[in-house]
$ cat input_17.cif   # mmCIF, C-alpha atoms and all ligand atoms
data_input
loop_
_atom_site.label_atom_id
_atom_site.label_comp_id
_atom_site.auth_asym_id
_atom_site.auth_seq_id
_atom_site.Cartn_x
_atom_site.Cartn_y
_atom_site.Cartn_z
CA MET A 18 -59.55 12.00 9.36
CA ARG A 19 -56.69 10.99 11.63
CA LYS A 20 -53.27 12.07 10.44
CA LYS A 21 -50.69 9.43 9.67
CA ILE A 22 -47.36 9.80 11.49
CA VAL A 23 -44.48 7.63 10.37
CA ILE A 24 -41.59 7.48 12.85
CA LEU A 25 -38.16 6.10 12.02
CA THR A 26 -36.28 5.09 15.16
CA GLY A 27 -32.74 3.87 15.78
CA ALA A 28 -30.49 2.79 18.62
CA GLY A 29 -30.71 6.23 20.27
CA ILE A 30 -34.30 5.73 21.40
CA SER A 31 -33.25 2.68 23.43
CA ALA A 32 -30.04 4.23 24.82
CA GLU A 33 -31.73 5.52 27.96
CA SER A 34 -33.16 2.05 28.53
CA GLY A 35 -29.60 0.78 28.90
CA ILE A 36 -29.15 -0.72 25.43
CA LYS A 37 -25.94 0.58 23.92
CA THR A 38 -25.93 2.28 20.53
CA PHE A 39 -23.41 0.95 18.04
CA ARG A 40 -21.64 4.01 16.76
CA ASP A 41 -21.30 5.69 20.14
CA SER A 42 -19.14 2.84 21.42
CA GLY A 43 -16.08 3.31 19.25
CA GLY A 44 -17.18 1.10 16.36
CA LEU A 45 -17.10 -2.01 18.50
CA TRP A 46 -20.33 -3.69 19.43
CA GLU A 47 -20.02 -4.89 23.02
CA GLY A 48 -16.30 -5.45 22.32
CA HIS A 49 -16.77 -7.21 18.99
CA ASP A 50 -15.99 -6.24 15.43
CA VAL A 51 -19.47 -5.84 13.95
CA MET A 52 -18.62 -8.05 10.96
CA ASP A 53 -17.76 -10.95 13.28
CA VAL A 54 -21.16 -10.94 14.97
CA ALA A 55 -23.54 -9.41 12.42
CA SER A 56 -22.70 -10.74 8.96
CA PRO A 57 -23.17 -14.02 7.05
CA GLU A 58 -19.36 -14.29 6.95
CA GLY A 59 -19.16 -14.02 10.73
CA TRP A 60 -21.81 -16.75 11.06
CA ALA A 61 -19.88 -19.03 8.68
CA LYS A 62 -16.65 -18.39 10.60
CA ASN A 63 -17.85 -18.81 14.17
CA GLN A 64 -21.46 -19.79 14.80
CA GLU A 65 -20.94 -20.16 18.57
CA LEU A 66 -19.68 -16.58 18.86
CA VAL A 67 -22.67 -15.23 16.94
CA LEU A 68 -25.20 -17.31 18.91
CA ASN A 69 -23.62 -16.23 22.17
CA PHE A 70 -23.55 -12.58 21.11
CA TYR A 71 -27.30 -12.56 20.43
CA ASN A 72 -28.00 -14.63 23.55
CA GLN A 73 -26.36 -11.84 25.55
CA ARG A 74 -28.34 -9.16 23.64
CA ARG A 75 -31.56 -11.03 24.49
CA LYS A 76 -30.62 -11.33 28.16
CA GLN A 77 -30.00 -7.58 28.24
CA ALA A 78 -33.26 -6.80 26.41
CA LEU A 79 -35.29 -8.99 28.77
CA THR A 80 -34.34 -6.77 31.70
CA ALA A 81 -34.71 -3.46 29.83
CA SER A 82 -37.79 -1.29 30.17
CA PRO A 83 -39.15 1.29 27.76
CA ASN A 84 -38.19 4.88 28.58
CA PRO A 85 -40.39 8.02 28.33
CA GLY A 86 -39.49 8.30 24.62
CA HIS A 87 -40.96 4.89 23.76
CA LEU A 88 -43.96 5.54 26.03
CA ALA A 89 -44.76 8.92 24.46
CA LEU A 90 -44.72 7.38 20.97
CA ALA A 91 -47.11 4.65 22.10
CA GLU A 92 -49.43 7.25 23.64
CA LEU A 93 -49.58 9.06 20.29
CA GLU A 94 -51.73 6.23 18.91
CA LYS A 95 -54.72 7.65 20.79
CA ASP A 96 -54.92 10.59 18.39
CA TYR A 97 -52.95 9.64 15.29
CA ASP A 98 -52.46 6.77 12.92
CA VAL A 99 -48.90 5.85 14.01
CA ILE A 100 -46.46 3.59 12.19
CA ILE A 101 -43.09 2.99 13.82
CA VAL A 102 -40.34 1.90 11.49
CA THR A 103 -37.48 0.83 13.72
CA GLN A 104 -33.94 -0.25 13.00
CA ASN A 105 -33.81 -1.70 16.51
CA VAL A 106 -34.10 -5.40 17.14
CA ASP A 107 -35.22 -4.98 20.76
CA ASP A 108 -38.92 -5.08 21.67
CA LEU A 109 -39.12 -1.85 23.68
CA HIS A 110 -41.63 -0.18 21.35
CA GLU A 111 -43.94 -3.18 21.80
CA LYS A 112 -43.32 -3.22 25.57
CA ALA A 113 -44.31 0.46 25.63
CA GLY A 114 -47.60 -0.40 23.93
CA SER A 115 -47.02 0.54 20.29
CA THR A 116 -49.11 -1.75 18.10
CA ASN A 117 -47.80 -0.92 14.65
CA VAL A 118 -44.06 -1.60 14.64
CA LEU A 119 -42.13 -2.54 11.55
CA HIS A 120 -38.70 -4.00 12.34
CA LEU A 121 -36.40 -3.24 9.42
CA HIS A 122 -33.43 -5.13 10.83
CA GLY A 123 -35.22 -8.09 12.36
CA GLU A 124 -36.23 -9.04 15.88
CA LEU A 125 -34.17 -10.38 18.78
CA PHE A 126 -36.93 -12.63 20.07
CA LYS A 127 -37.50 -14.39 16.76
CA VAL A 128 -35.34 -17.05 15.14
CA ARG A 129 -35.44 -18.60 11.72
CA SER A 130 -34.32 -21.59 9.73
CA THR A 131 -30.96 -21.42 7.93
CA GLN A 132 -32.49 -23.59 5.20
CA ASP A 133 -35.81 -21.84 4.57
CA GLU A 134 -36.02 -18.19 5.59
CA SER A 135 -39.83 -18.30 5.60
CA LEU A 136 -39.69 -20.54 8.70
CA VAL A 137 -39.65 -17.95 11.49
CA TYR A 138 -40.35 -18.82 15.13
CA ASP A 139 -40.83 -16.95 18.40
CA LEU A 140 -38.04 -17.76 20.83
CA ASP A 141 -39.01 -18.43 24.42
CA GLY A 142 -36.47 -16.90 26.77
CA TRP A 143 -33.00 -15.79 25.72
CA GLU A 144 -31.03 -18.78 24.56
CA LEU A 145 -30.53 -20.15 21.04
CA LYS A 146 -28.02 -23.01 20.87
CA THR A 147 -26.13 -25.05 18.34
CA GLY A 148 -28.39 -28.04 17.68
CA ASP A 149 -31.65 -26.06 17.93
CA LEU A 150 -33.32 -27.03 14.67
CA CYS A 151 -36.21 -25.91 12.47
CA GLU A 152 -39.00 -28.33 11.54
CA LYS A 153 -37.01 -29.36 8.46
CA GLY A 154 -34.00 -30.27 10.59
CA SER A 155 -31.71 -27.29 9.92
CA GLN A 156 -29.95 -25.10 12.45
CA LEU A 157 -31.87 -22.04 13.62
CA ARG A 158 -30.23 -18.61 13.41
CA PRO A 159 -31.15 -15.20 14.84
CA HIS A 160 -33.94 -13.46 12.85
CA ILE A 161 -31.72 -10.46 12.27
CA VAL A 162 -30.85 -8.64 9.06
CA TRP A 163 -27.07 -8.80 9.01
CA PHE A 164 -24.72 -6.54 7.09
CA GLY A 165 -24.77 -7.57 3.44
CA GLU A 166 -28.27 -9.09 3.64
CA MET A 167 -31.49 -7.90 2.01
CA VAL A 168 -33.87 -5.72 4.02
CA PRO A 169 -37.20 -7.37 3.14
CA MET A 170 -39.37 -4.93 5.11
CA MET A 171 -37.94 -1.93 3.28
CA GLU A 172 -40.60 -1.91 0.57
CA THR A 173 -43.41 -1.74 3.13
CA ALA A 174 -41.53 0.99 5.00
CA ILE A 175 -41.21 3.03 1.80
CA GLU A 176 -44.94 2.67 1.08
CA GLN A 177 -45.72 3.90 4.58
CA ALA A 178 -43.25 6.81 4.35
CA MET A 179 -44.83 7.93 1.07
CA GLN A 180 -48.26 8.08 2.73
CA ALA A 181 -47.11 9.99 5.82
CA ASP A 182 -48.73 13.30 6.80
CA ILE A 183 -45.94 13.86 9.35
CA PHE A 184 -42.52 12.18 9.43
CA MET A 185 -40.34 11.93 12.52
CA VAL A 186 -36.86 10.50 13.09
CA VAL A 187 -35.58 9.57 16.57
CA GLY A 188 -32.09 8.44 17.59
CA THR A 189 -30.47 7.24 14.42
CA SER A 190 -27.20 8.38 12.87
CA LEU A 191 -28.78 7.78 9.43
CA VAL A 192 -25.63 6.17 8.07
CA VAL A 193 -26.89 2.65 7.42
CA TYR A 194 -28.72 2.15 4.12
CA PRO A 195 -31.34 1.46 2.92
CA ALA A 196 -33.01 2.60 6.19
CA ALA A 197 -31.28 5.99 6.06
CA GLY A 198 -32.82 6.65 2.64
CA LEU A 199 -36.39 6.51 3.91
CA LEU A 200 -36.45 10.29 4.31
CA ASP A 201 -36.00 10.63 0.54
CA TYR A 202 -39.42 9.06 -0.08
CA VAL A 203 -41.33 11.41 2.18
CA ASN A 204 -43.56 14.03 0.52
CA SER A 205 -41.54 17.26 0.47
CA HIS A 206 -44.48 19.35 1.76
CA ILE A 207 -45.13 17.53 5.05
CA PRO A 208 -43.63 18.42 8.45
CA LYS A 209 -40.40 16.56 9.22
CA ILE A 210 -38.94 16.35 12.70
CA ILE A 211 -35.68 14.93 14.05
CA VAL A 212 -34.93 14.17 17.70
CA ASP A 213 -31.25 13.41 18.40
CA PRO A 214 -28.63 14.96 20.69
CA ASN A 215 -26.26 14.96 17.69
CA MET A 216 -26.94 16.02 14.12
CA PRO A 217 -27.44 12.93 11.97
CA SER A 218 -25.98 12.88 8.46
CA ILE A 219 -28.82 14.14 6.31
CA ARG A 220 -28.48 14.75 2.61
CA THR A 221 -31.89 16.25 2.11
CA SER A 222 -32.42 19.95 1.47
CA GLN A 223 -35.94 19.68 2.89
CA SER A 224 -36.66 21.83 5.91
CA ILE A 225 -36.61 19.86 9.13
CA LYS A 226 -37.59 20.80 12.66
CA PHE A 227 -34.75 19.65 14.89
CA PHE A 228 -34.85 18.82 18.62
CA THR A 229 -31.24 18.49 19.78
CA GLU A 230 -32.03 16.37 22.80
CA LYS A 231 -32.15 12.90 24.21
CA ALA A 232 -35.22 10.87 23.31
CA SER A 233 -36.71 10.91 26.83
CA THR A 234 -37.26 14.67 26.72
CA GLY A 235 -36.97 15.41 22.99
CA VAL A 236 -39.79 13.11 21.90
CA ILE A 237 -42.16 14.78 24.33
CA LYS A 238 -41.27 18.24 22.97
CA ALA A 239 -41.56 16.98 19.41
CA ILE A 240 -45.04 15.65 20.15
CA GLU A 241 -46.08 19.01 21.64
CA TYR A 242 -44.89 20.58 18.39
CA ILE A 243 -46.85 18.02 16.31
CA ARG A 244 -50.00 18.70 18.32
CA SER A 245 -49.59 22.44 17.68
CA LEU A 246 -49.61 21.90 13.90
CA LYS A 247 -52.86 22.73 12.15
N1 LIG B 1 -31.71 9.85 22.63
C1 LIG B 1 -31.80 10.01 21.28
N2 LIG B 1 -30.77 9.78 20.45
C2 LIG B 1 -29.61 9.35 20.98
C3 LIG B 1 -29.45 9.14 22.37
C4 LIG B 1 -30.58 9.42 23.22
N3 LIG B 1 -30.51 9.27 24.55
N4 LIG B 1 -28.18 8.70 22.58
C5 LIG B 1 -27.58 8.63 21.38
N5 LIG B 1 -28.44 9.03 20.40
C6 LIG B 1 -28.25 9.09 18.94
C7 LIG B 1 -26.82 9.32 18.48
O1 LIG B 1 -26.54 10.72 18.45
C8 LIG B 1 -26.86 8.72 17.08
O2 LIG B 1 -27.30 9.67 16.12
O3 LIG B 1 -28.60 7.83 18.43
C9 LIG B 1 -27.91 7.62 17.21
C10 LIG B 1 -27.35 6.22 17.25
O4 LIG B 1 -26.73 5.93 16.05
P1 LIG B 1 -26.18 4.48 15.71
O5 LIG B 1 -25.43 3.94 16.87
O6 LIG B 1 -25.49 4.59 14.40
O7 LIG B 1 -27.52 3.60 15.57
P2 LIG B 1 -28.49 3.42 14.35
O8 LIG B 1 -28.59 4.67 13.53
O9 LIG B 1 -29.74 2.85 14.89
O10 LIG B 1 -27.73 2.32 13.52
C11 LIG B 1 -28.33 1.77 12.38
O11 LIG B 1 -26.63 0.09 12.19
O12 LIG B 1 -25.55 -0.89 13.97
C12 LIG B 1 -26.30 -1.15 12.83
O13 LIG B 1 -28.03 -2.62 12.23
C13 LIG B 1 -27.60 -1.78 13.26
O14 LIG B 1 -29.86 -0.95 13.21
C14 LIG B 1 -28.50 -0.58 13.38
C15 LIG B 1 -28.03 0.31 12.23
#

$ encode --input "input_17.cif" --output "structure tokens" --more "lines below"
Ligand code: APR
Amino acid sequence: MRKKIVILTGAGISAESGIKTFRDSGGLWEGHDVMDVASPEGWAKNQELVLNFYNQRRKQALTASPNPGHLALAELEKDYDVIIVTQNVDDLHEKAGSTNVLHLHGELFKVRSTQDESLVYDLDGWELKTGDLCEKGSQLRPHIVWFGEMVPMMETAIEQAMQADIFMVVGTSLVVYPAAGLLDYVNSHIPKIIVDPNMPSIRTSQSIKFFTEKASTGVIKAIEYIRSLK
């Protein structure tokens, strides 16, 4: 039977594709206080600013290509049952060819109704404007999980993590919950691997194989290690 590998990824896996991580840029996100652009309060205060912020993120993501880290994870599907749980809102895992991607914090290229959150639409291109409405006539907003909002995909992610035969973490500082807590649900006996040039904040006492490297090279070494496991 094919082994199930669950992989939690964060901003670090997209860094070498030119998409900036949040915490490496001095706490400001492209020059903005994160609460102004990624919270319900920020949206209530200045909708134009938030729309424009995500329009710029989409423009940037449209020109970005997956790097060897994304590509190696997609390749892994040939031999393993792979589930990627990503905190990233970009689509670089999909562009690389991964078919099983769970976006914990939403997706840049989807938008949803401010009136009925079940009305989610694909956005063509990069621009969402004031006056773009859902079928019920309400303003559309980015389909992003903002600070202070529920993480609806978390339950599915936990179920997957509990069933993992191998668990891997790539490029996340593990400071934002509930995503950071996923490691706590993993069976204590399975191999756990982290790829990150810096040590993320882990609370677990479980033994972890650590590759202190950038994703482009570290993921490839981590996969060699996984393939060497009996
Ligand atoms: N390869 C791998 N990891 C890298 C690389 C790289 N080239 N460059 C940086 N990193 C690592 C950093 O060492 C850090 O541990 O990526 C991590 C990035 O951490 P954060 O910026 O905190 O990103 P992330 O953990 O994904 O943030 C979680 O917080 O900003 C919010 O909602 C947003 O989903 C995001 C969440």

$ atom_distance --input "input_17.cif" --atom1 "CA of Lys112 in chain A" --atom2 "CA of Pro83 in chain A"
6.5 Å

$ closest_residue --input "input_17.cif" --among "A:Leu79, A:Ile161, A:Val212, A:Ile219" --to "Lys238 in chain A" --atoms "only C-alpha atoms"
A:Val212

$ residues_around --input "input_17.cif" --residues "range 26-28 of chain A" --least-positions-apart "2" --cutoff "8 Å" --atoms "all atoms listed in the file" --output "number ranges by chain"
A: 24, 30-32, 36-39, 101-105, 186-190

$ residues_around --input "input_17.cif" --residues "Ser130 in chain A" --least-positions-apart "6" --cutoff "6 Å" --atoms "only C-alpha atoms" --output "PyMOL selection string"
chain A and resi 136+151+157

$ residues_around --input "input_17.cif" --residues "Gln77 in chain A" --least-positions-apart "6" --cutoff "12 Å" --atoms "all atoms listed in the file" --output "MDAnalysis selection string"
chainID A and resid 31 34:37 47 70:71 107:109 125:126 142:144

$ atom_distance --input "input_17.cif" --atom1 "CA of Asp98 in chain A" --atom2 "CA of Ile22 in chain A"
6.1 Å

$ closest_residue --input "input_17.cif" --among "A:His49, A:Lys209, A:Arg129, A:Lys20" --to "ligand LIG 1 (chain B)" --atoms "only C-alpha atoms and all ligand atoms"
A:His49

$ closest_residue --input "input_17.cif" --among "A:Val54, A:Ile243, A:Ile175, A:Val128" --to "Gln156 in chain A" --atoms "all atoms listed in the file"
A:Val128

$ atom_distance --input "input_17.cif" --atom1 "CA of Glu94 in chain A" --atom2 "CA of Ala178 in chain A"
16.9 Å

$ closest_residue --input "input_17.cif" --among "A:Gly114, A:Gly123, A:Pro85, A:Pro217" --to "Trp163 in chain A" --atoms "only C-alpha atoms"
A:Gly123

$ build_atoms --input "input_17.cif" --residues "range 182-197 of chain A" --atoms "N, CA, C and O atoms" --output "short mmCIF file (atom, residue, chain, number, x, y, z; two decimals), in the frame of the given file"
data_model
loop_
_atom_site.label_atom_id
_atom_site.label_comp_id
_atom_site.auth_asym_id
_atom_site.auth_seq_id
_atom_site.Cartn_x
_atom_site.Cartn_y
_atom_site.Cartn_z
N ASP A 182 -48.35 11.88 6.71
CA ASP A 182 -48.73 13.30 6.80
C ASP A 182 -47.69 14.05 7.63
O ASP A 182 -47.57 15.27 7.55
N ILE A 183 -47.00 13.31 8.50
CA ILE A 183 -45.94 13.86 9.35
C ILE A 183 -44.87 12.77 9.44
O ILE A 183 -45.20 11.58 9.58
N PHE A 184 -43.60 13.17 9.36
CA PHE A 184 -42.52 12.18 9.43
C PHE A 184 -41.55 12.58 10.54
O PHE A 184 -41.13 13.74 10.62
N MET A 185 -41.21 11.62 11.38
CA MET A 185 -40.34 11.93 12.52
C MET A 185 -39.20 10.91 12.57
O MET A 185 -39.40 9.73 12.24
N VAL A 186 -38.03 11.37 12.98
CA VAL A 186 -36.86 10.50 13.09
C VAL A 186 -36.33 10.63 14.52
O VAL A 186 -36.16 11.74 15.01
N VAL A 187 -36.09 9.51 15.20
CA VAL A 187 -35.58 9.57 16.57
C VAL A 187 -34.38 8.65 16.75
O VAL A 187 -34.47 7.44 16.52
N GLY A 188 -33.22 9.24 17.13
CA GLY A 188 -32.09 8.44 17.59
C GLY A 188 -31.45 7.52 16.57
O GLY A 188 -31.14 6.38 16.88
N THR A 189 -31.23 8.04 15.39
CA THR A 189 -30.47 7.24 14.42
C THR A 189 -29.45 8.13 13.72
O THR A 189 -29.75 9.27 13.38
N SER A 190 -28.25 7.59 13.53
CA SER A 190 -27.20 8.38 12.87
C SER A 190 -27.45 8.49 11.37
O SER A 190 -26.76 9.23 10.69
N LEU A 191 -28.43 7.76 10.85
CA LEU A 191 -28.78 7.78 9.43
C LEU A 191 -27.57 7.49 8.53
O LEU A 191 -27.39 8.15 7.51
N VAL A 192 -26.77 6.53 8.92
CA VAL A 192 -25.63 6.17 8.07
C VAL A 192 -25.79 4.79 7.44
O VAL A 192 -25.04 4.43 6.54
N VAL A 193 -26.74 4.00 7.95
CA VAL A 193 -26.89 2.65 7.42
C VAL A 193 -28.05 2.60 6.42
O VAL A 193 -29.18 2.94 6.75
N TYR A 194 -27.70 2.25 5.18
CA TYR A 194 -28.72 2.15 4.12
C TYR A 194 -29.21 0.71 4.00
O TYR A 194 -28.49 -0.19 4.39
N PRO A 195 -30.43 0.47 3.51
CA PRO A 195 -31.34 1.46 2.92
C PRO A 195 -32.16 2.27 3.93
O PRO A 195 -32.79 3.25 3.53
N ALA A 196 -32.15 1.91 5.22
CA ALA A 196 -33.01 2.60 6.19
C ALA A 196 -32.83 4.12 6.13
O ALA A 196 -33.81 4.88 6.15
N ALA A 197 -31.58 4.57 6.03
CA ALA A 197 -31.28 5.99 6.06
C ALA A 197 -31.93 6.74 4.89
O ALA A 197 -32.17 7.95 4.97
#
